[in-house]
Number of protein chains: 2
Amino acid sequence: MTEIVALHDVPEFHEQTDVVVCGLGGAGVSVALEARATGAEVVALERFSAGGGSTMLSACEMYLGGSGGTRLQRDLGIEDSSENMVNYLMTCFGEHADRARVEAFVDGAAEHFDWLEAQGIPYRRSLFEGRDVVALTGDSLQFTGNERAWPFDQRATPVPRGHLPEDAGHEGGMVVMNTLLGKLEGAGVNCWYDSRLLGLIQEDNGRICGVVAKVDNAPRYVLARRGVVLTTGGFIMNERMTQQNIPELASICTRHGNPGDQGDGIRLGVAAGGVAIHMGQAFVGVAHYPPAQLTYGLFVNAQGQRFINEDVYLSRLGAAVSQQTDMRAFMFIDNRYFARPDYHQTTEIVAVGETVAEVEEEAGLPPGSLQHTVEYYNRYAAEGVDPLFHKSPTWLAPLIEPPFALVDYSLPLLQPACFTLGGLDTLPTGEVLNAEREPIPGLFAAGRTACGIPRTGAGYASGMSVADATLFGRKAGRQAALQPQR
Amino acid sequence: MTEIVALHDVPEFHEQTDVVVCGLGGAGVSVALEARATGAEVVALERFSAGGGSTMLSACEMYLGGSGGTRLQRDLGIEDSSENMVNYLMTCFGEHADRARVEAFVDGAAEHFDWLEAQGIPYRRSLFEGRDVVALTGDSLQFTGNERAWPFDQRATPVPRGHLPEDAGHEGGMVVMNTLLGKLEGAGVNCWYDSRLLGLIQEDNGRICGVVAKVDNAPRYVLARRGVVLTTGGFIMNERMTQQNIPELASICTRHGNPGDQGDGIRLGVAAGGVAIHMGQAFVGVAHYPPAQLTYGLFVNAQGQRFINEDVYLSRLGAAVSQQTDMRAFMFIDNRYFARPDYHQTTEIVAVGETVAEVEEEAGLPPGSLQHTVEYYNRYAAEGVDPLFHKSPTWLAPLIEPPFALVDYSLPLLQPACFTLGGLDTLPTGEVLNAEREPIPGLFAAGRTACGIPRTGAGYASGMSVADATLFGRKAGRQAALQPQR
């Protein structure tokens, strides 16, 4: 482990450039292209033999809107004011939110969509109006988060903001990343593959002016005349860091990301004087839909009580389940709406019965608990209201058709997909901040190495992380390229 | 902000000693006394004009037991095996727990009590059997945490472990700290007051070998031949660090501690290569008792549902309330048990009625919700059981005597006392660990600058933090004193 190397201890520089970007996922490739477009020489280090990162593994939905609407939203007649989008995001992340970052994101989101299209990523002018994690219809616009669910619908007008590459389904990350990675050579980015970042080089005045990387098993020193940008991903693959920051999830979750999400950039940024924030926050995916009909079901905890409106986004449900006794939760559903959830084939049916009482007893729930919950829910659902959690009338219907089932969604059983949301504190320009929130000269971060827009699982929506990574990646690339040469 | 100073940049040393301890709270004074007892020269820096820290502001209950029982427990005929105490603590902190630290704590706890008595702190041989945050009866032993509450009572035999100075009530911190601070001069500790730690001095090989402190407005350099121990407290008084780590609490809590709890030691430890862990964890105190009779009440959330057994310790309740919708919670209680909670005189009665239905309607709870909760609870309480949350039969009685009241315990209203539980990762010896969990030579930490035994508010009990601070303070003092001189 090399960490911080003093400039005067560098034996020789094997390469000199303007900007060094470390990691070629969605953030890194955006940094590299924008820094080149701004006129800087760029060296890009990638730990593996090819770029892609965790962005490539995703559907690469981009959560975009504001400014009256992206070109795609407007082509479909959908208006989306920046104020409305800011209200939504601030509701999502509450006290965790960084308003300056949220506003910069919303300001730049419509233009970012134009940039993505200009790169050649195809987006179809069609809206998927249903409820799915990722539209598999080929449509390029969908609702992705909690926009239509309480209490978000009270604070902002619901607008679809998930922008998906045309016809890509779950392969959107391949489409986006292959497109962007394919431009690196033409843009003149000097890419080093199989090159792992080991450390940062620091001048006596504190400025970061280069990196040490392991290439062909030997340390190589690269001078960065304008800046170093850390884009090595989050830390979900780092056993120790997850135990130290999200211990209750570390032992039960399925780690979602690419093997390089080891937290290297976060650790090096901290070693250089940066600050890692919101490190205990993570996405926990409990996808009870599709099929969308499962939204008619009821979630109850070990006390047989409801605890959430079931029309929320999957990671809001995950966050809520993680707070129930022993992280246990069950879906109660009737024969009319029963189905297996597409993304959790391992759910187990814990009880089936012709009456709710039978199900309750077979499941070992407290006597009368589930019966009351269902009776109360059904009584009001028949009137189109949910007095407890305000589930949308769209998904309210009495559950009255036997047989009834109780399906186990407890996290230790489900082993839900998790990824981390904490990272380095940065300005919207990507500048890494120290404990006084002053920029560390020469050091930038983007992607999940930085703490981005999404800061809690309860407020997350598909597309927020990759949109943040690529949009703020571009900003960081530009900002680094515009630094004076040392 | 000085942070890390390279040894070769130190202009001159104004003082040379074996061990430098930074901060004279409960941890620091224990470090200093034990390092001296081990034969080391000691310089102790204290930011304020006198020592005491947050320990002095506490009742200084010490959570101790194991080894068959402390001398006090045994004198009262109370047995407490180490296995039982380890089981209890592991249940408290779950995946957050550091088993090695828990075991070292339990191993040393009975001896630590002997040490405290040997310092001259008086403990009366009497047990307070009631339910209170701090016994005000003069007794020196009490139950303090969740020992008698579900699910803890299922995993470990309930034993009282809160050791209070005799007749001290809330002034226990004065008794303990005045006793320990009064020994510093006789022990030959060189105390520097009004001396704020600015930075750590590091050798080229990474070893920490001294500190920079601001004394009389000028930097003073102190060489530490054996080690530096950081005992500057937690970070509850640091506005930025709380926003970055416990944002949802930062805006509503009452910051509990002394003004020096600024996180200086944590930040410097991280700058030296240490790792701050569990930084999002905090104590949130919602003390619905004393009077103990309020334990008969029911807590409900905005959905009119119960969410916890009401016989838990106050910070377990606080943790649970913080997870309810908008951090809102209410106590439902009848005329027989109604009282004002001693520690929350600002609670507001939101509704009073001759029937539960009246209370429910006046409070604006969902129709029928509270009525069901109370009816269900009462029905089973009459049989001595709580099917939902297993409150002990001791505190179960139907709430049937009108008028009934609903009292607001919502956190934004209550502004509960909070302090932080995250800090540097250390070995039980106090050695500060880097990201690879290797000790950073010459650097130690104790008290809330380190992440101690108590790692979640949900598992906390009175006395855990000061017992951890003083016990592991002593270990760190000894370990530092035993390092070879540089």
# chains A, B, ... in the order shown; residues from 1 in each chain; ligands from 1
$ residues_around --residues "segment 164-176 of chain B" --least-positions-apart "4" --cutoff "6 Å" --atoms "only C-alpha atoms" --output "list in words"
Thr55, Met56, Leu57, Ser58, Ala59, Cys60, Glu61, Pro122, Tyr123, Arg124, Leu136, Gly138 and Ser140 of chain B
$ write_last_selection --atoms "C-alpha atoms" --output "PDB file, in the first residue's frame"
ATOM      1  CA  THR B  55     -17.187  12.307  31.673  1.00  0.00           C
ATOM      2  CA  MET B  56     -17.379  15.025  34.310  1.00  0.00           C
ATOM      3  CA  LEU B  57     -20.795  16.080  32.984  1.00  0.00           C
ATOM      4  CA  SER B  58     -22.159  12.548  33.306  1.00  0.00           C
ATOM      5  CA  ALA B  59     -23.427  10.606  36.286  1.00  0.00           C
ATOM      6  CA  CYS B  60     -20.357   8.444  35.689  1.00  0.00           C
ATOM      7  CA  GLU B  61     -22.165   5.224  36.049  1.00  0.00           C
ATOM      8  CA  PRO B 122     -16.777   5.408  47.120  1.00  0.00           C
ATOM      9  CA  TYR B 123     -19.311   2.739  46.151  1.00  0.00           C
ATOM     10  CA  ARG B 124     -22.042   1.712  48.563  1.00  0.00           C
ATOM     11  CA  LEU B 136     -31.102   8.905  43.009  1.00  0.00           C
ATOM     12  CA  GLY B 138     -27.570   6.807  46.923  1.00  0.00           C
ATOM     13  CA  SER B 140     -24.338   2.102  43.932  1.00  0.00           C
TER      14      SER B 140
END
$ closest_atom_pairs --of "chain A" --to "chain B" --cutoff "7 Å" --atoms "only C-alpha atoms" --output "tab-separated table"
residue	atom	partner	partner_atom	distance
A:Glu95	CA	B:Glu248	CA	5.3
A:His96	CA	B:Pro247	CA	5.6
A:Gln244	CA	B:Ile277	CA	5.3
A:Asn245	CA	B:His278	CA	5.4
A:Pro247	CA	B:Glu95	CA	5.3
A:Glu248	CA	B:Glu95	CA	5.3
A:Ala271	CA	B:Ala271	CA	6.3
A:Gly273	CA	B:Ala271	CA	6.4
A:Ile277	CA	B:Gln244	CA	5.3
A:His278	CA	B:Asn245	CA	5.4
A:Gly280	CA	B:Gly280	CA	6.0
A:Gln303	CA	B:Leu388	CA	5.3
A:Pro366	CA	B:Pro387	CA	5.5
A:Pro387	CA	B:Pro366	CA	5.5
A:Leu388	CA	B:Gln303	CA	5.3
$ residues_around --residues "segment 206-220 of chain B" --least-positions-apart "4" --cutoff "6 Å" --atoms "only C-alpha atoms" --output "ChimeraX atom specification"
/B:195-202,224,441-443
$ select_by_dssp --residues "segment 75-277 of chain A" --states "alpha helix (DSSP H)" --output "PyMOL selection string"
chain A and resi 75+82-93+99-118+152-155+172-181+184-187+239-245+247-250+264-271
$ residues_around --residues "Leu127 of chain B" --least-positions-apart "4" --cutoff "8 Å" --atoms "only C-alpha atoms" --output "ChimeraX atom specification"
/B:76,139-142
$ write_last_selection --atoms "all heavy atoms" --output "CSV table (one decimal), in the first residue's frame"
chain,number,residue,atom,x,y,z
B,76,LEU,N,-23.0,-8.2,47.1
B,76,LEU,CA,-24.5,-8.2,47.1
B,76,LEU,C,-25.0,-9.5,46.7
B,76,LEU,O,-26.3,-9.6,46.6
B,76,LEU,CB,-25.0,-7.0,46.2
B,76,LEU,CG,-24.7,-5.6,46.7
B,76,LEU,CD1,-25.1,-4.6,45.6
B,76,LEU,CD2,-25.5,-5.3,48.0
B,139,ASP,N,-27.8,4.5,46.2
B,139,ASP,CA,-27.3,3.1,46.0
B,139,ASP,C,-26.3,3.1,44.9
B,139,ASP,O,-26.3,4.0,44.0
B,139,ASP,CB,-28.5,2.2,45.6
B,139,ASP,CG,-29.6,2.1,46.7
B,139,ASP,OD1,-29.2,2.0,47.8
B,139,ASP,OD2,-30.8,2.2,46.3
B,140,SER,N,-25.4,2.1,44.9
B,140,SER,CA,-24.3,2.1,43.9
B,140,SER,C,-24.5,1.0,42.9
B,140,SER,O,-23.6,0.9,42.0
B,140,SER,CB,-23.0,1.9,44.7
B,140,SER,OG,-22.6,3.1,45.3
B,141,LEU,N,-25.5,0.3,42.8
B,141,LEU,CA,-25.7,-0.7,41.8
B,141,LEU,C,-27.1,-0.6,41.3
B,141,LEU,O,-28.1,-0.5,42.1
B,141,LEU,CB,-25.4,-2.1,42.3
B,141,LEU,CG,-25.3,-3.2,41.2
B,141,LEU,CD1,-24.1,-2.9,40.3
B,141,LEU,CD2,-25.1,-4.6,41.8
B,142,GLN,N,-27.3,-0.7,39.9
B,142,GLN,CA,-28.6,-0.7,39.4
B,142,GLN,C,-28.6,-1.3,38.0
B,142,GLN,O,-27.6,-1.5,37.3
B,142,GLN,CB,-29.1,0.8,39.3
B,142,GLN,CG,-28.5,1.6,38.2
B,142,GLN,CD,-29.2,2.9,37.9
B,142,GLN,OE1,-28.6,3.9,38.0
B,142,GLN,NE2,-30.5,2.8,37.5
$ atom_distance --atom1 "atom CA of Asp194 of chain A" --atom2 "atom CA of Thr420 of chain A"
24.4 Å
$ closest_residue --among "A:Pro428, A:Asn309, A:Ala351, A:Glu41" --to "Tyr377 of chain A" --atoms "only C-alpha atoms"
A:Asn309
$ closest_residue --among "A:Ala100, A:Ala446, A:Val29, A:Ala135" --to "Glu185 of chain A" --atoms "only C-alpha atoms"
A:Val29
$ closest_residue --among "B:Arg155, B:Arg148, B:Arg74, B:His344" --to "Arg125 of chain B" --atoms "only C-alpha atoms"
B:Arg74
$ residues_around --residues "Ala32 of chain A" --least-positions-apart "4" --cutoff "7 Å" --atoms "only C-alpha atoms" --output "compact mmCIF listing (two decimals) with C-alpha atoms, in the first residue's frame"
# COMPACT_ATOMS: atom_id res chain seq x y z
CA VAL A 21 -8.25 9.92 -14.41
CA GLY A 28 -14.08 8.04 -15.56
CA ARG A 36 -9.99 16.15 -23.74
CA VAL A 42 -5.36 12.91 -20.51
CA ALA A 44 -6.69 7.20 -18.04
CA VAL A 189 -7.13 9.74 -24.46
CA GLY A 477 -13.11 16.57 -16.23
$ residues_around --residues "Thr144 of chain A" --least-positions-apart "5" --cutoff "6 Å" --atoms "only C-alpha atoms" --output "ChimeraX atom specification"
/A:162,461-462
$ write_last_selection --atoms "C-alpha atoms" --output "short mmCIF file (atom, residue, chain, number, x, y, z; two decimals), in the first residue's frame"
data_model
loop_
_atom_site.label_atom_id
_atom_site.label_comp_id
_atom_site.auth_asym_id
_atom_site.auth_seq_id
_atom_site.Cartn_x
_atom_site.Cartn_y
_atom_site.Cartn_z
CA GLY A 162 -35.78 7.51 -16.18
CA ALA A 461 -34.32 5.74 -7.73
CA SER A 462 -32.94 3.80 -10.70
#
$ closest_residue --among "B:His390, B:Lys183, B:Arg328, B:Lys475" --to "Leu413 of chain B" --atoms "only C-alpha atoms"
B:Arg328
$ residues_around --residues "Phe13 of chain B" --least-positions-apart "5" --cutoff "9 Å" --atoms "only C-alpha atoms" --output "PyMOL selection string"
chain B and resi 220-223
$ write_last_selection --atoms "all heavy atoms" --output "compact mmCIF listing (two decimals), in the first residue's frame"
# COMPACT_ATOMS: atom_id res chain seq x y z
N ARG B 220 3.70 24.86 20.02
CA ARG B 220 4.73 24.24 20.86
C ARG B 220 4.87 22.79 20.40
O ARG B 220 3.88 22.09 20.23
CB ARG B 220 4.36 24.26 22.35
CG ARG B 220 3.91 25.62 22.85
CD ARG B 220 5.02 26.62 22.89
NE ARG B 220 5.93 26.37 24.00
CZ ARG B 220 6.96 27.17 24.31
NH1 ARG B 220 7.22 28.23 23.54
NH2 ARG B 220 7.73 26.90 25.33
N TYR B 221 6.10 22.36 20.24
CA TYR B 221 6.36 21.01 19.74
C TYR B 221 6.80 20.12 20.90
O TYR B 221 7.70 20.47 21.66
CB TYR B 221 7.42 21.04 18.65
CG TYR B 221 6.98 21.83 17.44
CD1 TYR B 221 7.12 23.22 17.38
CD2 TYR B 221 6.38 21.18 16.35
CE1 TYR B 221 6.68 23.94 16.27
CE2 TYR B 221 5.94 21.89 15.25
CZ TYR B 221 6.10 23.27 15.21
OH TYR B 221 5.66 23.98 14.12
N VAL B 222 6.13 18.99 21.03
CA VAL B 222 6.45 18.05 22.13
C VAL B 222 6.82 16.70 21.53
O VAL B 222 6.04 16.11 20.77
CB VAL B 222 5.23 17.87 23.07
CG1 VAL B 222 5.61 16.97 24.25
CG2 VAL B 222 4.71 19.22 23.55
N LEU B 223 8.01 16.25 21.86
CA LEU B 223 8.45 14.93 21.40
C LEU B 223 7.89 13.85 22.33
O LEU B 223 7.98 13.98 23.55
CB LEU B 223 9.99 14.87 21.41
CG LEU B 223 10.58 13.52 20.95
CD1 LEU B 223 10.50 13.39 19.43
CD2 LEU B 223 12.03 13.38 21.42
